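As structure tokens, the structure follows; a few thoughts come after it.
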Amino acid sequence: PFFLEPHYDENKPYIETNRQRLIKKWGGEQGWKRQKQRHDLKGRGQEAGIPHFNLDRLTSNTMASHRLIQFVGKKYGLRVSEMLYDRLNVYYFVEGYALNDKPRLAKVAHDEIRKALGEEQSSVMSEEEILKFLNSNEGRKEIENALEALDQIGVHGIPKFIIEGRRVVDGAARSDVFVDIFREIESKGEVHGGPIFGDILGVNDDTVQRGSHSREHICEVH
């Protein structure tokens with residue numbers, strides 16, 4: 001979890017558009033345009049199969065959505081929480097909806113969990129149950145502890161990958177950077193260190209070991 005704007009009011013569905021946020025952040029239209037050219041987020045998104053980023057997406061406090069992802073991971077496993085995370089990326093970055101619009105978030109989460117569980121749909125939480133969770137404080141302490149841990153290891157921006165529990169790699173790094181790292185780990189014959197957030201977020205070892213992608217799931221995707 002990471003908060004781009006931790007001061008945003010949790011009681012409001014959204015605060016402003018992302019365009020407005022970035023223009024303020026970079027000191028005006030010209031500063032924002034220079035930053036866009038430097039990062040080339042649009043080009044990198046297209047390379048990853050994202051047709052466009054909605055510049056006027058609605059920005060909001062994200063505590064509720066972070067709590068939801070962690071809760072789903074603990075209840076249904078990381079495969080389901082990763083599917084929900086992917087869906088929320090489209091929901092926010094492409095469709096432009098606010099991550100603190102709790103009724104809408106509850107509906108999207110319910111639909112995605114139902115899709116992920118397939119034949120096991122009897123255990124799917126209803127929209128009302130998800131909304132009740134979102135309006136509670138369950139899971140807040142775990143998210144706050146995770147944010148503190150990120151600060152301690154020097155993560156002050158996103159996206160980031162933490163490999164072997166200690167190596168921080170910028171999420172915008174090119175694929176060859178990750179290939180080199182994984183080849184280095186492969187040459188050692190073992191992974192030193194492991195996930196650092198399982199205990200902090202209350203995710204048990206079994207869930208972590210099962211991971212988010214089984215061999216069968218990877219074969220289905222490809």
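The way I read the labels, and the way they are meant: chains A, B, ... in the order of the structure tokens, residue 1 as the first residue of every chain, and ligand 1 as the first ligand shown, with later ones counted on from there.
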With a distance cut-off of 12 Å and only C-alpha atoms, select the neighbouring residues of segment 161-171 of chain A, excluding the residue or stretch itself and same-chain residues fewer than 2 positions from it, and output the selection as a PDB file with N, CA, C and O atoms, in the first residue's frame.
ATOM      1  N   PRO A   1       0.829  -1.214   0.000  1.00  0.00           N
ATOM      2  CA  PRO A   1       0.000   0.000   0.000  1.00  0.00           C
ATOM      3  C   PRO A   1       0.858   1.256   0.000  1.00  0.00           C
ATOM      4  O   PRO A   1       1.961   1.266   0.551  1.00  0.00           O
ATOM      5  N   LEU A  41       4.601   8.191 -19.612  1.00  0.00           N
ATOM      6  CA  LEU A  41       3.703   7.188 -19.046  1.00  0.00           C
ATOM      7  C   LEU A  41       2.756   6.621 -20.096  1.00  0.00           C
ATOM      8  O   LEU A  41       2.460   5.426 -20.108  1.00  0.00           O
ATOM      9  N   ARG A  44       4.664   4.021 -22.215  1.00  0.00           N
ATOM     10  CA  ARG A  44       4.926   2.799 -21.454  1.00  0.00           C
ATOM     11  C   ARG A  44       3.633   2.022 -21.217  1.00  0.00           C
ATOM     12  O   ARG A  44       3.640   0.792 -21.196  1.00  0.00           O
ATOM     13  N   ALA A 149       6.518   0.686   7.553  1.00  0.00           N
ATOM     14  CA  ALA A 149       7.606  -0.187   7.098  1.00  0.00           C
ATOM     15  C   ALA A 149       8.195   0.312   5.781  1.00  0.00           C
ATOM     16  O   ALA A 149       9.415   0.293   5.588  1.00  0.00           O
ATOM     17  N   LEU A 150       7.333   0.761   4.868  1.00  0.00           N
ATOM     18  CA  LEU A 150       7.814   1.303   3.595  1.00  0.00           C
ATOM     19  C   LEU A 150       8.697   2.521   3.819  1.00  0.00           C
ATOM     20  O   LEU A 150       9.737   2.689   3.175  1.00  0.00           O
ATOM     21  N   GLN A 152      10.490   3.128   6.402  1.00  0.00           N
ATOM     22  CA  GLN A 152      11.745   2.699   7.011  1.00  0.00           C
ATOM     23  C   GLN A 152      12.736   2.140   5.996  1.00  0.00           C
ATOM     24  O   GLN A 152      13.950   2.260   6.174  1.00  0.00           O
ATOM     25  N   ILE A 153      12.222   1.524   4.915  1.00  0.00           N
ATOM     26  CA  ILE A 153      13.145   0.991   3.903  1.00  0.00           C
ATOM     27  C   ILE A 153      13.370   1.975   2.762  1.00  0.00           C
ATOM     28  O   ILE A 153      14.029   1.657   1.778  1.00  0.00           O
ATOM     29  N   GLY A 154      12.818   3.183   2.898  1.00  0.00           N
ATOM     30  CA  GLY A 154      13.114   4.245   1.944  1.00  0.00           C
ATOM     31  C   GLY A 154      12.257   4.295   0.714  1.00  0.00           C
ATOM     32  O   GLY A 154      12.671   4.853  -0.312  1.00  0.00           O
ATOM     33  N   VAL A 155      11.049   3.737   0.785  1.00  0.00           N
ATOM     34  CA  VAL A 155      10.125   3.816  -0.352  1.00  0.00           C
ATOM     35  C   VAL A 155       9.242   5.039  -0.165  1.00  0.00           C
ATOM     36  O   VAL A 155       8.408   5.082   0.741  1.00  0.00           O
ATOM     37  N   HIS A 156       9.457   6.042  -1.025  1.00  0.00           N
ATOM     38  CA  HIS A 156       8.704   7.294  -0.912  1.00  0.00           C
ATOM     39  C   HIS A 156       7.940   7.624  -2.188  1.00  0.00           C
ATOM     40  O   HIS A 156       7.480   8.746  -2.378  1.00  0.00           O
ATOM     41  N   GLY A 157       7.832   6.660  -3.066  1.00  0.00           N
ATOM     42  CA  GLY A 157       7.084   6.849  -4.303  1.00  0.00           C
ATOM     43  C   GLY A 157       6.753   5.492  -4.892  1.00  0.00           C
ATOM     44  O   GLY A 157       7.303   4.463  -4.473  1.00  0.00           O
ATOM     45  N   ILE A 158       5.820   5.480  -5.839  1.00  0.00           N
ATOM     46  CA  ILE A 158       5.431   4.230  -6.480  1.00  0.00           C
ATOM     47  C   ILE A 158       5.416   4.418  -7.996  1.00  0.00           C
ATOM     48  O   ILE A 158       5.381   5.557  -8.468  1.00  0.00           O
ATOM     49  N   PRO A 159       5.433   3.316  -8.760  1.00  0.00           N
ATOM     50  CA  PRO A 159       5.460   1.920  -8.300  1.00  0.00           C
ATOM     51  C   PRO A 159       6.862   1.466  -7.920  1.00  0.00           C
ATOM     52  O   PRO A 159       7.853   1.993  -8.443  1.00  0.00           O
ATOM     53  N   ALA A 173      11.160   0.521 -14.215  1.00  0.00           N
ATOM     54  CA  ALA A 173      12.379  -0.017 -14.818  1.00  0.00           C
ATOM     55  C   ALA A 173      12.030  -0.912 -15.997  1.00  0.00           C
ATOM     56  O   ALA A 173      10.985  -1.560 -16.021  1.00  0.00           O
ATOM     57  N   ARG A 174      12.925  -0.942 -16.978  1.00  0.00           N
ATOM     58  CA  ARG A 174      12.703  -1.770 -18.165  1.00  0.00           C
ATOM     59  C   ARG A 174      12.841  -3.245 -17.817  1.00  0.00           C
ATOM     60  O   ARG A 174      13.449  -3.628 -16.818  1.00  0.00           O
ATOM     61  N   SER A 175      12.311  -4.084 -18.671  1.00  0.00           N
ATOM     62  CA  SER A 175      12.261  -5.525 -18.388  1.00  0.00           C
ATOM     63  C   SER A 175      13.653  -6.130 -18.210  1.00  0.00           C
ATOM     64  O   SER A 175      13.824  -7.069 -17.422  1.00  0.00           O
ATOM     65  N   VAL A 177      16.162  -4.999 -16.661  1.00  0.00           N
ATOM     66  CA  VAL A 177      16.624  -4.824 -15.279  1.00  0.00           C
ATOM     67  C   VAL A 177      16.147  -6.002 -14.431  1.00  0.00           C
ATOM     68  O   VAL A 177      16.915  -6.593 -13.656  1.00  0.00           O
ATOM     69  N   PHE A 178      14.877  -6.375 -14.595  1.00  0.00           N
ATOM     70  CA  PHE A 178      14.320  -7.481 -13.819  1.00  0.00           C
ATOM     71  C   PHE A 178      14.916  -8.814 -14.263  1.00  0.00           C
ATOM     72  O   PHE A 178      15.191  -9.677 -13.433  1.00  0.00           O
ATOM     73  N   ASP A 180      17.917  -9.329 -15.368  1.00  0.00           N
ATOM     74  CA  ASP A 180      19.262  -9.419 -14.768  1.00  0.00           C
ATOM     75  C   ASP A 180      19.183  -9.821 -13.296  1.00  0.00           C
ATOM     76  O   ASP A 180      19.968 -10.653 -12.820  1.00  0.00           O
ATOM     77  N   ILE A 181      18.241  -9.232 -12.574  1.00  0.00           N
ATOM     78  CA  ILE A 181      18.091  -9.549 -11.149  1.00  0.00           C
ATOM     79  C   ILE A 181      17.692 -11.008 -10.965  1.00  0.00           C
ATOM     80  O   ILE A 181      18.262 -11.730 -10.133  1.00  0.00           O
ATOM     81  N   PHE A 182      16.716 -11.462 -11.750  1.00  0.00           N
ATOM     82  CA  PHE A 182      16.248 -12.844 -11.598  1.00  0.00           C
ATOM     83  C   PHE A 182      17.307 -13.848 -12.053  1.00  0.00           C
ATOM     84  O   PHE A 182      17.425 -14.943 -11.482  1.00  0.00           O
ATOM     85  N   GLU A 184      20.502 -13.359 -11.688  1.00  0.00           N
ATOM     86  CA  GLU A 184      21.454 -13.360 -10.581  1.00  0.00           C
ATOM     87  C   GLU A 184      20.971 -14.272  -9.458  1.00  0.00           C
ATOM     88  O   GLU A 184      21.739 -15.062  -8.894  1.00  0.00           O
ATOM     89  N   ILE A 185      19.671 -14.185  -9.130  1.00  0.00           N
ATOM     90  CA  ILE A 185      19.099 -15.047  -8.091  1.00  0.00           C
ATOM     91  C   ILE A 185      19.166 -16.504  -8.532  1.00  0.00           C
ATOM     92  O   ILE A 185      19.514 -17.390  -7.747  1.00  0.00           O
ATOM     93  N   GLU A 190      19.192 -20.051  -4.893  1.00  0.00           N
ATOM     94  CA  GLU A 190      18.189 -19.889  -3.840  1.00  0.00           C
ATOM     95  C   GLU A 190      17.847 -18.414  -3.680  1.00  0.00           C
ATOM     96  O   GLU A 190      18.592 -17.534  -4.110  1.00  0.00           O
ATOM     97  N   VAL A 191      16.681 -18.200  -3.067  1.00  0.00           N
ATOM     98  CA  VAL A 191      16.227 -16.840  -2.801  1.00  0.00           C
ATOM     99  C   VAL A 191      16.593 -16.485  -1.370  1.00  0.00           C
ATOM    100  O   VAL A 191      16.268 -17.220  -0.435  1.00  0.00           O
ATOM    101  N   HIS A 192      17.308 -15.382  -1.209  1.00  0.00           N
ATOM    102  CA  HIS A 192      17.665 -14.909   0.130  1.00  0.00           C
ATOM    103  C   HIS A 192      16.615 -13.906   0.595  1.00  0.00           C
ATOM    104  O   HIS A 192      16.426 -12.869  -0.014  1.00  0.00           O
ATOM    105  N   GLY A 193      15.955 -14.225   1.693  1.00  0.00           N
ATOM    106  CA  GLY A 193      14.902 -13.332   2.172  1.00  0.00           C
ATOM    107  C   GLY A 193      13.576 -13.662   1.511  1.00  0.00           C
ATOM    108  O   GLY A 193      13.511 -14.393   0.524  1.00  0.00           O
ATOM    109  N   GLY A 194      12.523 -13.101   2.067  1.00  0.00           N
ATOM    110  CA  GLY A 194      11.192 -13.374   1.536  1.00  0.00           C
ATOM    111  C   GLY A 194      10.308 -12.166   1.651  1.00  0.00           C
ATOM    112  O   GLY A 194      10.792 -11.060   1.890  1.00  0.00           O
ATOM    113  N   PRO A 195       8.998 -12.359   1.495  1.00  0.00           N
ATOM    114  CA  PRO A 195       8.081 -11.226   1.570  1.00  0.00           C
ATOM    115  C   PRO A 195       8.125 -10.584   2.952  1.00  0.00           C
ATOM    116  O   PRO A 195       8.175 -11.287   3.963  1.00  0.00           O
ATOM    117  N   ILE A 196       8.120  -9.263   2.986  1.00  0.00           N
ATOM    118  CA  ILE A 196       8.264  -8.569   4.261  1.00  0.00           C
ATOM    119  C   ILE A 196       6.935  -8.068   4.817  1.00  0.00           C
ATOM    120  O   ILE A 196       6.870  -7.593   5.945  1.00  0.00           O
ATOM    121  N   PHE A 197       5.851  -8.193   4.036  1.00  0.00           N
ATOM    122  CA  PHE A 197       4.593  -7.612   4.473  1.00  0.00           C
ATOM    123  C   PHE A 197       3.559  -8.634   4.949  1.00  0.00           C
ATOM    124  O   PHE A 197       2.502  -8.248   5.423  1.00  0.00           O
ATOM    125  N   GLY A 198       3.850  -9.937   4.818  1.00  0.00           N
ATOM    126  CA  GLY A 198       2.880 -10.942   5.216  1.00  0.00           C
ATOM    127  C   GLY A 198       2.451 -10.784   6.666  1.00  0.00           C
ATOM    128  O   GLY A 198       1.260 -10.705   6.980  1.00  0.00           O
TER     129      GLY A 198
END
Polymer residues at most 9 Å from segment 45-60 of chain A, only C-alpha atoms, same-chain spacing of 6 or more positions, as a ChimeraX atom specification: /A:5,8-10,12-21,90,92-101
Go ahead and save the residues from that selection, with N, CA, C and O atoms, as a CSV table (one decimal), in the first residue's frame.
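The file below, again_7.csv, is the result:
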chain,number,residue,atom,x,y,z
A,5,GLU,N,-1.5,10.9,-1.8
A,5,GLU,CA,-2.0,12.1,-1.2
A,5,GLU,C,-2.6,11.7,0.2
A,5,GLU,O,-3.8,11.7,0.3
A,8,TYR,N,-5.7,13.7,1.9
A,8,TYR,CA,-7.0,13.7,1.3
A,8,TYR,C,-8.1,13.2,2.3
A,8,TYR,O,-7.8,12.2,3.0
A,9,ASP,N,-9.2,13.9,2.4
A,9,ASP,CA,-10.3,13.6,3.3
A,9,ASP,C,-10.9,12.3,3.0
A,9,ASP,O,-11.4,12.1,1.9
A,10,GLU,N,-10.9,11.4,4.0
A,10,GLU,CA,-11.5,10.0,3.8
A,10,GLU,C,-13.0,10.1,3.7
A,10,GLU,O,-13.6,9.1,3.2
A,12,LYS,N,-14.8,12.1,1.9
A,12,LYS,CA,-15.3,12.5,0.6
A,12,LYS,C,-15.0,11.5,-0.5
A,12,LYS,O,-13.9,10.9,-0.5
A,13,PRO,N,-16.0,11.2,-1.4
A,13,PRO,CA,-15.8,10.2,-2.4
A,13,PRO,C,-14.6,10.5,-3.3
A,13,PRO,O,-13.9,9.6,-3.8
A,14,TYR,N,-14.4,11.8,-3.6
A,14,TYR,CA,-13.2,12.2,-4.4
A,14,TYR,C,-12.9,13.7,-4.1
A,14,TYR,O,-13.7,14.4,-3.5
A,15,ILE,N,-11.7,14.1,-4.4
A,15,ILE,CA,-11.2,15.4,-4.1
A,15,ILE,C,-11.1,16.3,-5.3
A,15,ILE,O,-11.6,17.4,-5.3
A,16,GLU,N,-10.5,15.8,-6.3
A,16,GLU,CA,-10.2,16.6,-7.6
A,16,GLU,C,-9.8,15.6,-8.7
A,16,GLU,O,-9.7,14.4,-8.4
A,17,THR,N,-9.7,16.1,-9.9
A,17,THR,CA,-9.2,15.2,-11.0
A,17,THR,C,-7.7,15.1,-10.9
A,17,THR,O,-7.0,15.9,-10.3
A,18,ASN,N,-7.2,14.0,-11.5
A,18,ASN,CA,-5.8,13.8,-11.5
A,18,ASN,C,-5.1,15.0,-12.3
A,18,ASN,O,-3.9,15.3,-12.0
A,19,ARG,N,-5.7,15.5,-13.3
A,19,ARG,CA,-5.1,16.6,-14.1
A,19,ARG,C,-4.9,17.8,-13.2
A,19,ARG,O,-3.8,18.4,-13.2
A,20,GLN,N,-5.9,18.1,-12.4
A,20,GLN,CA,-5.8,19.2,-11.4
A,20,GLN,C,-4.7,19.0,-10.4
A,20,GLN,O,-3.9,19.9,-10.1
A,21,ARG,N,-4.7,17.7,-9.9
A,21,ARG,CA,-3.6,17.4,-8.9
A,21,ARG,C,-2.2,17.6,-9.5
A,21,ARG,O,-1.4,18.2,-8.8
A,90,VAL,N,-7.8,-0.8,-13.7
A,90,VAL,CA,-8.6,-0.4,-14.9
A,90,VAL,C,-9.7,0.6,-14.5
A,90,VAL,O,-9.9,1.6,-15.1
A,92,TYR,N,-9.8,2.6,-12.1
A,92,TYR,CA,-9.2,4.0,-11.7
A,92,TYR,C,-8.5,4.6,-12.9
A,92,TYR,O,-8.9,5.7,-13.4
A,93,PHE,N,-7.5,4.0,-13.4
A,93,PHE,CA,-6.6,4.6,-14.4
A,93,PHE,C,-7.2,4.8,-15.8
A,93,PHE,O,-6.9,5.7,-16.5
A,94,VAL,N,-8.1,3.8,-16.1
A,94,VAL,CA,-8.7,3.9,-17.5
A,94,VAL,C,-10.1,4.4,-17.4
A,94,VAL,O,-10.5,5.4,-18.1
A,95,GLU,N,-11.0,3.8,-16.5
A,95,GLU,CA,-12.4,4.3,-16.5
A,95,GLU,C,-12.5,5.6,-15.7
A,95,GLU,O,-13.5,6.3,-15.9
A,96,GLY,N,-11.6,5.9,-14.8
A,96,GLY,CA,-11.5,7.2,-14.2
A,96,GLY,C,-12.3,7.3,-12.9
A,96,GLY,O,-12.5,8.4,-12.4
A,97,TYR,N,-12.8,6.2,-12.3
A,97,TYR,CA,-13.6,6.3,-11.1
A,97,TYR,C,-12.8,6.4,-9.9
A,97,TYR,O,-11.6,6.0,-9.8
A,98,ALA,N,-13.4,7.0,-8.8
A,98,ALA,CA,-12.7,7.3,-7.6
A,98,ALA,C,-12.6,6.0,-6.7
A,98,ALA,O,-13.6,5.3,-6.6
A,99,LEU,N,-11.4,5.8,-6.1
A,99,LEU,CA,-11.2,4.6,-5.3
A,99,LEU,C,-11.9,4.8,-3.9
A,99,LEU,O,-11.9,3.8,-3.1
A,100,ASN,N,-12.4,5.9,-3.6
A,100,ASN,CA,-13.1,6.1,-2.3
A,100,ASN,C,-14.7,6.3,-2.5
A,100,ASN,O,-15.4,6.6,-1.6
A,101,ASP,N,-15.1,6.0,-3.7
A,101,ASP,CA,-16.6,5.9,-4.0
A,101,ASP,C,-17.0,4.5,-3.5
A,101,ASP,O,-17.0,3.6,-4.3
Can you pull out the residues contacting Arg210 of chain A? Cut-off 12 Å, using only C-alpha atoms, and skip same-chain residues under 3 positions away; I want them as a PDB file with C-alpha atoms, in the first residue's frame.
ATOM      1  CA  GLY A  73      -6.273 -11.580   0.016  1.00  0.00           C
ATOM      2  CA  LYS A  74      -6.708 -12.962   3.535  1.00  0.00           C
ATOM      3  CA  TYR A  76      -9.955 -15.670  -0.613  1.00  0.00           C
ATOM      4  CA  GLY A  77      -6.216 -15.907  -1.324  1.00  0.00           C
ATOM      5  CA  LEU A  78      -3.746 -13.839  -3.313  1.00  0.00           C
ATOM      6  CA  ARG A  79      -4.964 -15.014  -6.730  1.00  0.00           C
ATOM      7  CA  VAL A  80      -8.342 -13.397  -6.072  1.00  0.00           C
ATOM      8  CA  VAL A 203      -1.585 -12.667   5.737  1.00  0.00           C
ATOM      9  CA  ASN A 204      -0.765 -16.180   6.952  1.00  0.00           C
ATOM     10  CA  ASP A 205       2.161 -18.241   5.639  1.00  0.00           C
ATOM     11  CA  ASP A 206      -0.103 -20.704   3.803  1.00  0.00           C
ATOM     12  CA  THR A 207      -1.672 -17.902   1.769  1.00  0.00           C
ATOM     13  CA  HIS A 213      -0.470 -17.475  -9.744  1.00  0.00           C
ATOM     14  CA  SER A 214      -0.516 -21.258  -9.887  1.00  0.00           C
ATOM     15  CA  ARG A 215       1.183 -23.096 -12.751  1.00  0.00           C
TER      16      ARG A 215
END
Write down as an MDAnalysis selection string the residues of segment 3-189 of chain A whose backbone DSSP state falls under alpha helix (DSSP H). chainID A and resid 18:25 29:39 41:47 63:76 78:89 102:117 127:134 140:152 175:188
Skip Val108 of chain A itself and residues of its chain fewer than 2 positions away, then list as a PyMOL selection string all residues within 9 Å of it, counting only C-alpha atoms. chain A and resi 84+87-88+91+103-106+110-113+127
